[in-house]
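Undergrad: CSV, C-alpha atoms, saved as data.csv, coming up:
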```csv
chain,number,residue,atom,x,y,z
Z,24,ASP,CA,8.6,65.5,6.3
Z,25,LEU,CA,10.4,62.5,7.9
Z,26,ASP,CA,11.8,64.4,10.9
Z,27,SER,CA,8.4,65.8,11.8
Z,28,LEU,CA,6.7,62.4,11.5
Z,29,LYS,CA,9.3,60.8,13.7
Z,30,LYS,CA,8.9,63.6,16.4
Z,31,LEU,CA,5.1,63.4,16.3
Z,32,ALA,CA,5.2,59.6,16.6
Z,33,TYR,CA,7.6,59.8,19.5
Z,34,CYS,CA,5.5,62.3,21.4
Z,35,HIS,CA,2.5,60.0,21.1
Z,36,GLN,CA,4.6,57.1,22.2
Z,37,LYS,CA,5.8,58.9,25.3
Z,38,ASN,CA,2.2,59.7,26.2
Z,39,ASN,CA,1.4,56.0,25.9
Z,40,ALA,CA,-0.8,56.7,22.8
Z,41,TYR,CA,0.7,53.7,21.0
Z,42,ASN,CA,-1.8,53.3,18.2
Z,43,GLN,CA,-1.4,56.9,17.2
Z,44,ALA,CA,2.4,56.6,17.5
Z,45,ILE,CA,2.3,53.5,15.2
Z,46,TYR,CA,0.3,55.3,12.6
Z,47,TYR,CA,2.9,58.1,12.3
Z,48,TYR,CA,5.8,55.6,12.5
Z,49,GLN,CA,4.2,53.8,9.6
Z,50,GLN,CA,4.0,57.0,7.6
Z,51,ALA,CA,7.7,57.6,8.4
Z,52,ASP,CA,8.5,54.1,7.3
Z,53,LEU,CA,7.0,54.7,3.9
Z,54,ILE,CA,9.5,57.6,3.4
Z,55,SER,CA,12.5,55.8,5.0
Z,56,PRO,CA,11.9,52.0,4.7
Z,57,ASP,CA,13.8,49.7,7.1
Z,58,ASN,CA,15.1,52.5,9.2
Z,59,ASP,CA,16.6,51.1,12.4
Z,60,TRP,CA,15.3,53.7,14.8
Z,61,ILE,CA,11.7,53.7,13.3
Z,62,LEU,CA,11.5,49.9,13.4
Z,63,GLN,CA,12.7,49.7,17.0
Z,64,GLN,CA,10.2,52.3,18.1
Z,65,MET,CA,7.4,50.6,16.3
Z,66,ARG,CA,8.5,47.3,17.9
Z,67,THR,CA,8.3,48.9,21.4
Z,68,CYS,CA,4.8,50.2,20.7
Z,69,TYR,CA,3.5,46.9,19.4
Z,70,ALA,CA,5.0,45.1,22.5
Z,71,ALA,CA,3.3,47.6,24.8
Z,72,LEU,CA,0.0,46.8,23.1
Z,73,GLY,CA,0.6,43.1,23.2
Z,74,GLU,CA,0.5,42.8,19.4
Z,75,TYR,CA,3.4,40.4,19.3
Z,76,ASP,CA,2.9,39.3,15.6
Z,77,GLN,CA,3.5,42.9,14.5
Z,78,GLU,CA,6.4,43.2,16.9
Z,79,TYR,CA,7.9,40.1,15.4
Z,80,ASP,CA,7.6,41.6,11.9
Z,81,CYS,CA,9.7,44.6,13.0
Z,82,LEU,CA,12.2,42.4,14.8
Z,83,LYS,CA,12.5,40.1,11.8
Z,84,LYS,CA,13.5,43.1,9.6
Z,85,LEU,CA,15.9,44.3,12.2
Z,86,LYS,CA,17.5,40.9,12.5
Z,87,GLU,CA,17.9,40.8,8.7
Z,88,ILE,CA,19.6,44.2,8.8
Z,89,HIS,CA,21.8,43.4,11.8
Z,90,PRO,CA,22.2,39.6,12.0
Z,91,GLU,CA,25.0,39.8,14.6
Z,92,ASP,CA,23.2,42.2,17.0
Z,93,ASN,CA,22.8,40.4,20.3
Z,94,HIS,CA,20.3,42.8,21.7
Z,95,ILE,CA,18.0,42.2,18.7
Z,96,THR,CA,18.5,38.5,19.1
Z,97,ALA,CA,17.4,38.7,22.7
Z,98,GLN,CA,14.3,40.8,21.8
Z,99,LEU,CA,13.4,38.3,19.1
Z,100,GLY,CA,13.7,35.4,21.5
Z,101,LEU,CA,11.4,37.1,24.1
Z,102,CYS,CA,8.9,37.9,21.3
Z,103,TYR,CA,8.9,34.2,20.2
Z,104,MET,CA,8.1,33.3,23.9
Z,105,GLN,CA,5.2,35.7,23.9
Z,106,LEU,CA,4.0,34.0,20.7
Z,107,ASN,CA,4.4,30.5,22.4
Z,108,LYS,CA,7.0,29.6,19.9
Z,109,TYR,CA,9.4,28.1,22.4
Z,110,GLU,CA,11.6,26.1,19.9
Z,111,GLU,CA,12.3,29.3,17.9
Z,112,ALA,CA,12.8,31.2,21.1
Z,113,ALA,CA,15.3,28.6,22.4
Z,114,ASN,CA,17.3,28.9,19.2
Z,115,CYS,CA,17.7,32.6,19.8
Z,116,PHE,CA,19.0,32.1,23.3
Z,117,TYR,CA,21.3,29.2,22.2
Z,118,GLU,CA,22.8,31.7,19.8
Z,119,LEU,CA,23.4,34.2,22.6
Z,120,GLU,CA,24.8,31.4,24.9
Z,121,TYR,CA,27.2,30.3,22.1
Z,122,LYS,CA,28.5,33.9,21.9
Z,123,GLY,CA,28.9,34.1,25.6
Z,124,GLU,CA,26.4,37.0,25.7
Z,125,ARG,CA,23.8,37.8,28.4
Z,126,LEU,CA,24.4,34.3,29.9
Z,127,LEU,CA,22.2,34.4,33.0
Z,128,HIS,CA,19.4,36.0,31.0
Z,129,SER,CA,19.8,33.3,28.3
Z,130,TRP,CA,20.0,30.4,30.8
Z,131,LYS,CA,16.7,31.5,32.4
Z,132,ALA,CA,15.0,31.7,29.1
Z,133,LEU,CA,16.4,28.4,27.9
Z,134,GLY,CA,15.4,26.7,31.2
Z,135,TRP,CA,11.8,27.9,30.7
Z,136,CYS,CA,11.7,27.2,27.0
Z,137,ASN,CA,12.9,23.6,27.5
Z,138,PHE,CA,10.4,23.1,30.3
Z,139,LYS,CA,7.6,24.3,28.0
Z,140,ILE,CA,8.6,21.9,25.2
Z,141,ASN,CA,9.1,19.0,27.7
Z,142,LYS,CA,12.9,18.7,27.3
Z,143,LEU,CA,13.2,18.3,31.0
Z,144,ASP,CA,16.8,17.1,31.1
Z,145,GLN,CA,17.9,20.2,29.2
Z,146,ALA,CA,15.7,22.4,31.4
Z,147,GLU,CA,17.4,20.8,34.5
Z,148,LYS,CA,20.8,21.5,33.1
Z,149,TYR,CA,20.1,25.3,32.8
Z,150,TYR,CA,18.4,25.6,36.2
Z,151,THR,CA,21.4,23.8,37.8
Z,152,LYS,CA,23.6,26.5,36.3
Z,153,ILE,CA,21.3,29.3,37.4
Z,154,LEU,CA,21.1,28.2,41.0
Z,155,GLN,CA,24.9,28.2,41.2
Z,156,GLN,CA,25.0,32.0,40.5
Z,157,ASN,CA,25.0,34.8,43.0
Z,158,LYS,CA,21.9,36.6,41.8
Z,159,VAL,CA,19.3,33.8,42.4
Z,160,GLU,CA,15.7,34.8,42.7
Z,161,TRP,CA,12.7,33.1,44.2
Z,162,SER,CA,11.3,32.5,40.6
Z,163,ASP,CA,14.5,30.5,39.8
Z,164,PHE,CA,13.8,28.1,42.7
Z,165,LEU,CA,10.1,27.9,41.7
Z,166,ASN,CA,10.9,27.0,38.1
Z,167,ALA,CA,13.6,24.5,39.2
Z,168,GLY,CA,11.0,22.9,41.5
Z,169,HIS,CA,8.6,22.5,38.6
Z,170,VAL,CA,11.3,20.8,36.4
Z,171,ALA,CA,12.4,18.4,39.3
Z,172,TRP,CA,8.7,17.5,40.0
Z,173,CYS,CA,8.0,16.8,36.4
Z,174,GLN,CA,11.1,14.5,36.4
Z,175,ASN,CA,9.5,12.7,39.4
Z,176,LYS,CA,12.3,14.0,41.7
Z,177,ILE,CA,9.9,14.7,44.5
Z,178,ALA,CA,12.4,15.4,47.3
Z,179,GLU,CA,14.4,17.7,45.1
Z,180,ALA,CA,11.3,19.5,44.0
Z,181,ILE,CA,10.2,20.1,47.6
Z,182,LYS,CA,13.6,21.4,48.5
Z,183,TYR,CA,13.5,23.9,45.7
Z,184,TYR,CA,9.9,24.9,46.4
Z,185,LYS,CA,10.7,25.5,50.1
Z,186,LYS,CA,13.5,27.7,49.1
Z,187,TYR,CA,11.2,29.7,46.8
Z,188,ILE,CA,8.7,30.1,49.7
Z,189,SER,CA,11.5,31.3,52.0
Z,190,LEU,CA,12.8,33.9,49.6
Z,191,ILE,CA,9.3,35.2,48.5
Z,192,ARG,CA,8.3,35.6,52.2
Z,193,LYS,CA,11.4,37.7,52.8
Z,194,GLN,CA,10.5,39.9,49.8
Z,195,LYS,CA,6.7,40.0,50.1
Z,196,GLY,CA,5.7,38.9,53.6
Z,197,ASN,CA,3.4,35.9,54.3
Z,198,ALA,CA,0.5,37.0,52.3
Z,199,ASN,CA,-0.1,35.4,48.9
Z,200,VAL,CA,3.2,33.5,48.7
Z,201,LEU,CA,1.6,30.8,46.7
Z,202,ILE,CA,0.2,33.0,43.9
Z,203,PRO,CA,3.2,32.4,41.6
Z,204,PHE,CA,3.0,28.6,42.3
Z,205,ASP,CA,-0.8,28.6,41.6
Z,206,LYS,CA,-0.3,30.7,38.4
Z,207,ASP,CA,1.9,27.9,37.1
Z,208,SER,CA,-0.4,25.1,38.0
Z,209,ASN,CA,-1.7,24.7,34.4
Z,210,GLU,CA,1.9,24.1,33.3
Z,211,LEU,CA,2.2,21.3,35.9
Z,212,LEU,CA,-1.1,19.8,34.7
Z,213,LYS,CA,0.1,19.8,31.1
Z,214,HIS,CA,3.2,17.8,32.3
Z,215,GLY,CA,1.0,15.1,34.0
Z,216,ILE,CA,0.9,16.3,37.6
Z,217,SER,CA,-2.6,15.9,39.0
Z,218,GLN,CA,-4.7,18.5,40.7
Z,219,VAL,CA,-4.7,16.4,43.9
Z,220,GLU,CA,-0.9,16.3,43.8
Z,221,ILE,CA,-0.8,20.1,43.4
Z,222,TYR,CA,-3.0,20.6,46.4
Z,223,LEU,CA,-0.8,18.2,48.5
Z,224,MET,CA,2.4,20.0,47.4
Z,225,ARG,CA,0.9,23.4,48.4
Z,226,ASP,CA,0.4,22.1,51.9
Z,227,ILE,CA,3.9,20.5,52.1
Z,228,ILE,CA,5.9,23.5,51.0
Z,229,THR,CA,4.1,26.0,53.2
Z,230,ALA,CA,4.2,23.8,56.4
Z,231,ASN,CA,6.7,25.0,59.0
```
Written as structure tokens, that's how I'd like the structure from this file.

TA:
Amino acid sequence: DLDSLKKLAYCHQKNNAYNQAIYYYQQADLISPDNDWILQQMRTCYAALGEYDQEYDCLKKLKEIHPEDNHITAQLGLCYMQLNKYEEAANCFYELEYKGERLLHSWKALGWCNFKINKLDQAEKYYTKILQQNKVEWSDFLNAGHVAWCQNKIAEAIKYYKKYISLIRKQKGNANVLIPFDKDSNELLKHGISQVEIYLMRDIITAN
């Protein structure tokens, strides 16, 4: 019966056996289509497996059932980001911003989405807001540095990058402070920054 299938699926899910969990959730979904709880659990399993297309299908149904649910809107936005659909992701977070919901979370997503789609002035607007908040993280300064650099605001970029280095050193020590910067180097290359410039910037921002 439905209850047994849900319990069996959930047990598999809790044991990280996501494929088995999905199988039983799908059986439960046949008995009780478009059930909120089943769809959310399936979404969670698909996300854990990195199967974002299937996660999107679950979220799309949930959004249709609950168009005003801000939590679902945020989940949908993050799923779009995983699918590299940054325009669609941005629209979800604009919706949340308009409602005054999850503002810092939405600003961070909007900053990155706008950076990815090369709307640098918009990205700058959001990182400016983020850096004025109390809970600023090293990743915020790193991303703000990327945006400033791609706008050719070199001095500003260096200032942000040095702040990122300072904060990440406090958190993680001296080792590997440039790993996040290096991880984003492909994004910088896509925005027209050369590999030579990236090497130079690495030296500048880690110099005492």

Undergrad: Restricting the calculation to all atoms listed in the file: of Z:Gln50, Z:Ser208, Z:Ser129, Z:Asn166, which residue gets closest to Leu143 in chain Z?

TA: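 Closest to Leu143 in chain Z of all the choices is Z:Asn166.
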
Undergrad: What gap, in Å, lies between CA of Gly134 in chain Z and CA of Tyr149 in chain Z?

TA: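 So the answer is 5.2 Å.
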
Undergrad: What's the 10 Å shell around Arg125 in chain Z, counting only C-alpha atoms, without same-chain residues fewer than 2 positions away, as a VMD selection string?

TA: chain Z and resid 93 to 94 97 116 119 to 120 122 to 123 127 to 130

Undergrad: Which protein, DNA or RNA residues are at most 9 Å from (7.7, 50.9, 16.9) in the file's coordinates when you count only C-alpha atoms, listed as a compact mmCIF listing (two decimals) with C-alpha atoms, in the coordinates of the input?

TA:
```
# COMPACT_ATOMS: atom_id res chain seq x y z
CA GLN Z 36 4.60 57.10 22.20
CA TYR Z 41 0.70 53.70 21.00
CA ALA Z 44 2.40 56.60 17.50
CA ILE Z 45 2.30 53.50 15.20
CA TYR Z 48 5.80 55.60 12.50
CA GLN Z 49 4.20 53.80 9.60
CA TRP Z 60 15.30 53.70 14.80
CA ILE Z 61 11.70 53.70 13.30
CA LEU Z 62 11.50 49.90 13.40
CA GLN Z 63 12.70 49.70 17.00
CA GLN Z 64 10.20 52.30 18.10
CA MET Z 65 7.40 50.60 16.30
CA ARG Z 66 8.50 47.30 17.90
CA THR Z 67 8.30 48.90 21.40
CA CYS Z 68 4.80 50.20 20.70
CA TYR Z 69 3.50 46.90 19.40
CA ALA Z 70 5.00 45.10 22.50
CA GLU Z 78 6.40 43.20 16.90
CA CYS Z 81 9.70 44.60 13.00
```

Undergrad: Return the single residue from Z:Ile177, Z:Leu25, Z:Cys34, Z:Leu82 that is closest to Ser55 in chain Z, with distances computed using all atoms listed in the file.

TA: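 Looking only at the distances to Ser55 in chain Z, the closest residue turns out to be Z:Leu25.
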
Undergrad: Go through Z:Ile228, Z:Lys30, Z:Thr151, Z:Thr96 and flag the residue nearest Glu124 in chain Z, using only C-alpha atoms for the distances.

TA: Z:Thr96

Undergrad: Name all residues at most 12 Å from Ala178 in chain Z (count all atoms listed in the file; drop same-chain ones fewer than 3 positions away) and give them as an mmCIF file with C-alpha atoms, in the coordinates of the input.

TA:
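Writing done, so here's result-v7.cif:
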```cif
data_model
loop_
_atom_site.group_PDB
_atom_site.id
_atom_site.type_symbol
_atom_site.label_atom_id
_atom_site.label_comp_id
_atom_site.auth_asym_id
_atom_site.auth_seq_id
_atom_site.Cartn_x
_atom_site.Cartn_y
_atom_site.Cartn_z
ATOM 1 C CA GLY Z 168 11.000 22.900 41.500
ATOM 2 C CA HIS Z 169 8.600 22.500 38.600
ATOM 3 C CA ALA Z 171 12.400 18.400 39.300
ATOM 4 C CA TRP Z 172 8.700 17.500 40.000
ATOM 5 C CA CYS Z 173 8.000 16.800 36.400
ATOM 6 C CA GLN Z 174 11.100 14.500 36.400
ATOM 7 C CA ASN Z 175 9.500 12.700 39.400
ATOM 8 C CA ILE Z 181 10.200 20.100 47.600
ATOM 9 C CA LYS Z 182 13.600 21.400 48.500
ATOM 10 C CA TYR Z 183 13.500 23.900 45.700
ATOM 11 C CA TYR Z 184 9.900 24.900 46.400
ATOM 12 C CA LYS Z 185 10.700 25.500 50.100
ATOM 13 C CA MET Z 224 2.400 20.000 47.400
ATOM 14 C CA ILE Z 227 3.900 20.500 52.100
ATOM 15 C CA ILE Z 228 5.900 23.500 51.000
#
```

Undergrad: CA of Cys136 in chain Z and CA of Ala167 in chain Z, how far apart in Å?

TA: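 Distance between the two atoms: 12.6 Å.
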
Undergrad: What's the separation between CA of Ile191 in chain Z and CA of Ser162 in chain Z, in Å to one decimal place?

TA: 8.6 Å

Undergrad: Go ahead and find all residues with at least one atom no further than 10 Å from (11.2, 31.9, 51.1) in the file's coordinates, using only C-alpha atoms; report them as a list in words.

TA: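 Nearby residues: Glu160, Trp161, Phe164, Tyr183, Tyr184, Lys185, Lys186, Tyr187, Ile188, Ser189, Leu190, Ile191, Arg192, Lys193, Gln194, Lys195, Gly196, Asn197, Val200, Ile228 and Thr229 of chain Z.
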
Undergrad: Between Z:Lys83, Z:Lys142, Z:Lys206, Z:Lys148, which is the closest to Gly100 in chain Z once you count all atoms listed in the file?

TA: Z:Lys83

Undergrad: Return the single residue from Z:Ala180, Z:Leu165, Z:Lys29, Z:Glu74 that is closest to Asp205 in chain Z, with distances computed using all atoms listed in the file.

TA: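 Looking only at the distances to Asp205 in chain Z, the closest residue turns out to be Z:Leu165.
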
Undergrad: Using only the atoms of range 113-128 of chain Z listed in the file, plus 8 Å on each side, state the axis-aligned box centre and edge lengths in Å rounded to one decimal, as AutoDock Vina command-line options.

TA:
```
--center_x 22.1 --center_y 33.2 --center_z 26.1 --size_x 29.6 --size_y 25.2 --size_z 29.8
```
